[in-house]
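J.: One structure is given below, represented as structure tokens, and several questions about it will come after.
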There are 2 protein chains.
Amino acid sequence: MAAVREKLPDYVPASPEEIEQLPKTPRELRKLFRSGEWTRPTTGLCIGYTNVNVAIVPKSLAYDFLVFCQRNPRPCPLLEVLEPGDPIVKDLAPDMDMRTDMIKYRVFKNGELVEEPADLGKYWRDDLVTCLFGCSTTFEGALLDAGIRPTWREGRRHGAFDTNIPCKPAGRLSGPMVVSMRPIPAHQVDTVVKVTSRFPMHHGAPIHIGDPAAIGIRDINKPDYGGSSEMRPGEVPVFWACGVTPQSVARASKPEIMITHASGYMFITDIPSAQQAVS
Amino acid sequence: MAAVREKLPDYVPASPEEIEQLPKTPRELRKLFRSGEWTRPTTGLCIGYTNVNVAIVPKSLAYDFLVFCQRNPRPCPLLEVLEPGDPIVKDLAPDMDMRTDMIKYRVFKNGELVEEPADLGKYWRDDLVTCLFGCSTTFEGALLDAGIRPTWREGRRHGAFDTNIPCKPAGRLSGPMVVSMRPIPAHQVDTVVKVTSRFPMHHGAPIHIGDPAAIGIRDINKPDYGGSSEMRPGEVPVFWACGVTPQSVARASKPEIMITHASGYMFITDIPSAQQAVS
């Protein structure tokens, strides 16, 4: 495990050699997250298992949040909602503790990111409702199987961007949609559309293909989330609705508190991705 | 219009000849529903347009209902949620008035079906939240295109049944799942699975195929909803999770009030079914 404990710059995906040393099941991996032995992004880890995004809101905001998710199913396709105050996941990874078993969280208070804690001990409350929803990394394995080169194996991250696409508001919640981007060789764009369409609960087909300016992105090499990206000749930027959207909603709507995962540090569930695909 | 005003036994689908006389767009059709000129089931009407199920609950129950839908996405895949007290549909059929533009409603009070009114005038309240969710009749056109014989063209209804499959509870709401059944020739069952899988927001693939007793159905020819059905030699009963499920939840959970459509009398939206399919 020595290699994985090295201090490395944030957001650099682990190398295939480093991943090789890690446990192969989500349950074992989450133990390393809980103990703090793995502190880097989840990119490339346990490919083939369902990844999910996390947003935790007080019960007083939860109705608005559920309606927001219903009205914006592309960025926020809901997979599981826990009871108020209950941090224990039931369906996606039984016994997973939402307070400790992720790598890094983000705590937003009144629209400000106030901390990125490694656990939620001091923030947990009896009225917090955990909402879990799909993530595009769920279809990484299906893209690999279809012959799409994963840029993260080259040390390239696919970043996420704020856009000018407004989400549909719900009660006190509104804000722009965040999208993730993958650089795809032009001749493979059709394959990528077909493969990802099969994962409607994980953002599904791309929400936009090509011209970044059309959705309000100024510099395709400077993502708003997840460090730098790098387009290469012959590649088309392909965009998916992204589960980071609640973070932009927190900034725009300024709820008293909202807690999310840190982008790139996903909750890896016990559910094989193939179970989430439309056949 | 004379033919369609005839008094006919409830639940008998309209004949192709009768349907031929009707308007071809959902918007025009809904005018006949509103005026009371068409009072029979929607089976076979405007095939190729998205059909939806309706459940209307007070705001005090709406959080539980949204969580119930999230936990039971097979019977209750949410497509639109209106603001409390607002009866005007926004996305699925702009300007459709939920109080008047359906054919027949069911009003449940404390678990009892108290009336099947043709409009909701006397029941409407400022705190009622309208929830609209997918319906298997949305994929009738896709089944037709795939060469599946529609039994309703023979005057046969595909009924719905209570089952022994428990829904996942949410707050004050629980109850058994209701399923719809279509009799499918054995050699076409695989086609039916493939076609309907493409409509995840309209109950998707069958939830059960074959032996009715395995899901608690005693007599396949006596549906609990929708009159009698009739199996023929060589046909397999194929079952889908059904949007009538909230009615069984109302009976089991006895909320102060829940209003639904009458089964078989669907809300026909302006959205082409093909838009709802995963390609």
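Residue numbering restarts at 1 for every chain of the structure tokens, chains are lettered A, B, ... in their displayed order, and ligands are numbered from 1 as they appear.
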Which residues of chain A come within 12 Å of chain B, and what is each one's closest atom pair and distance in Å (one decimal), counting only C-alpha atoms, sorted by chain and residue number, as a Markdown table?
T.:
| residue | atom | partner | partner_atom | distance |
| --- | --- | --- | --- | --- |
| A:Lys59 | CA | B:Tyr63 | CA | 9.7 |
| A:Ser60 | CA | B:Tyr63 | CA | 10.5 |
| A:Leu61 | CA | B:Tyr63 | CA | 10.5 |
| A:Ala62 | CA | B:Tyr63 | CA | 7.9 |
| A:Tyr63 | CA | B:Tyr63 | CA | 5.5 |
| A:Asp64 | CA | B:Tyr63 | CA | 9.1 |
| A:Phe65 | CA | B:Tyr63 | CA | 10.2 |
| A:Leu66 | CA | B:Leu66 | CA | 7.0 |
| A:Val67 | CA | B:Val81 | CA | 6.9 |
| A:Phe68 | CA | B:Val81 | CA | 9.6 |
| A:Cys69 | CA | B:Leu78 | CA | 10.2 |
| A:Gln70 | CA | B:Leu78 | CA | 6.8 |
| A:Arg71 | CA | B:Glu80 | CA | 6.7 |
| A:Asn72 | CA | B:Glu80 | CA | 10.1 |
| A:Pro73 | CA | B:Leu79 | CA | 9.1 |
| A:Pro77 | CA | B:Gln70 | CA | 9.6 |
| A:Leu78 | CA | B:Gln70 | CA | 6.8 |
| A:Leu79 | CA | B:Gln70 | CA | 7.0 |
| A:Glu80 | CA | B:Arg71 | CA | 6.7 |
| A:Val81 | CA | B:Val67 | CA | 6.9 |
| A:Leu82 | CA | B:Val67 | CA | 9.0 |
| A:Glu83 | CA | B:Gly171 | CA | 8.6 |
| A:Pro84 | CA | B:Gly171 | CA | 10.5 |
| A:Lys90 | CA | B:Arg71 | CA | 11.0 |
| A:Asp91 | CA | B:Arg71 | CA | 9.7 |
| A:Leu92 | CA | B:Arg71 | CA | 11.8 |
| A:Val129 | CA | B:Val67 | CA | 11.1 |
| A:Thr130 | CA | B:Val67 | CA | 11.7 |
| A:Cys131 | CA | B:Val67 | CA | 10.2 |
| A:Leu132 | CA | B:Gln70 | CA | 10.7 |
| A:Phe133 | CA | B:Gln70 | CA | 10.6 |
| A:Lys168 | CA | B:Asp91 | CA | 11.0 |
| A:Pro169 | CA | B:Glu83 | CA | 11.2 |
| A:Ala170 | CA | B:Glu83 | CA | 8.7 |
| A:Gly171 | CA | B:Glu83 | CA | 8.6 |
| A:Val193 | CA | B:Ser279 | CA | 9.5 |
| A:Lys194 | CA | B:Ser279 | CA | 7.4 |
| A:Val195 | CA | B:Ser279 | CA | 9.8 |
| A:Thr196 | CA | B:Val278 | CA | 10.0 |
| A:Ser197 | CA | B:Val278 | CA | 6.3 |
| A:Arg198 | CA | B:Val278 | CA | 6.7 |
| A:Phe199 | CA | B:Val278 | CA | 8.9 |
| A:Pro200 | CA | B:Val278 | CA | 7.7 |
| A:Met201 | CA | B:Pro200 | CA | 9.4 |
| A:Gly204 | CA | B:Val278 | CA | 8.9 |
| A:Ala205 | CA | B:Val278 | CA | 9.1 |
| A:Gln276 | CA | B:Pro200 | CA | 10.9 |
| A:Ala277 | CA | B:Ser197 | CA | 9.9 |
| A:Val278 | CA | B:Ser197 | CA | 6.3 |
| A:Ser279 | CA | B:Ser197 | CA | 6.8 |
J.: Taking only C-alpha atoms into account, produce a table as a Markdown table in which each residue of segment 51-160 of chain B with an atom at most 10 Å from an atom of segment 228-244 of chain B appears once, together with its shortest atom pair and the distance in Å to one decimal, ordered by chain and rising number.
T.:
| residue | atom | partner | partner_atom | distance |
| --- | --- | --- | --- | --- |
| B:Val52 | CA | B:Gly243 | CA | 8.2 |
| B:Asn53 | CA | B:Gly243 | CA | 5.7 |
| B:Val54 | CA | B:Gly243 | CA | 8.0 |
| B:Ala55 | CA | B:Gly243 | CA | 9.1 |
| B:Asn72 | CA | B:Ala241 | CA | 9.6 |
| B:Pro73 | CA | B:Ala241 | CA | 9.2 |
| B:Arg74 | CA | B:Ala241 | CA | 5.7 |
| B:Pro75 | CA | B:Ala241 | CA | 4.6 |
| B:Cys76 | CA | B:Gly243 | CA | 6.0 |
| B:Pro77 | CA | B:Gly243 | CA | 8.5 |
| B:Leu132 | CA | B:Gly243 | CA | 9.6 |
| B:Phe133 | CA | B:Gly243 | CA | 7.4 |
| B:Gly134 | CA | B:Gly243 | CA | 7.2 |
| B:Cys135 | CA | B:Gly243 | CA | 6.2 |
| B:Ser136 | CA | B:Cys242 | CA | 7.4 |
| B:Thr151 | CA | B:Glu230 | CA | 9.5 |
| B:Gly155 | CA | B:Ser229 | CA | 9.8 |
| B:Arg156 | CA | B:Ser229 | CA | 6.3 |
| B:Arg157 | CA | B:Ser229 | CA | 5.8 |
| B:His158 | CA | B:Ser229 | CA | 6.0 |
| B:Gly159 | CA | B:Ser229 | CA | 6.1 |
| B:Ala160 | CA | B:Cys242 | CA | 7.5 |
J.: Mind checking which residues fall within 8 Å of Met102 of chain B, counting only C-alpha atoms, ignoring those fewer than 2 positions away in the same chain, and posting them as JSON, numbers by chain?
T.: {"B": [30, 33, 34, 98, 99, 100, 104, 105, 118, 119, 261, 265, 266, 267]}
J.: Which residues in segment 53-121 of chain A does DSSP call strand (DSSP E or B)? List them as JSON, numbers by chain.
T.: {"A": [53, 54, 55, 56, 57, 58, 78, 79, 80, 81, 88, 97, 105, 106, 107, 108, 109, 112, 113, 114, 115]}
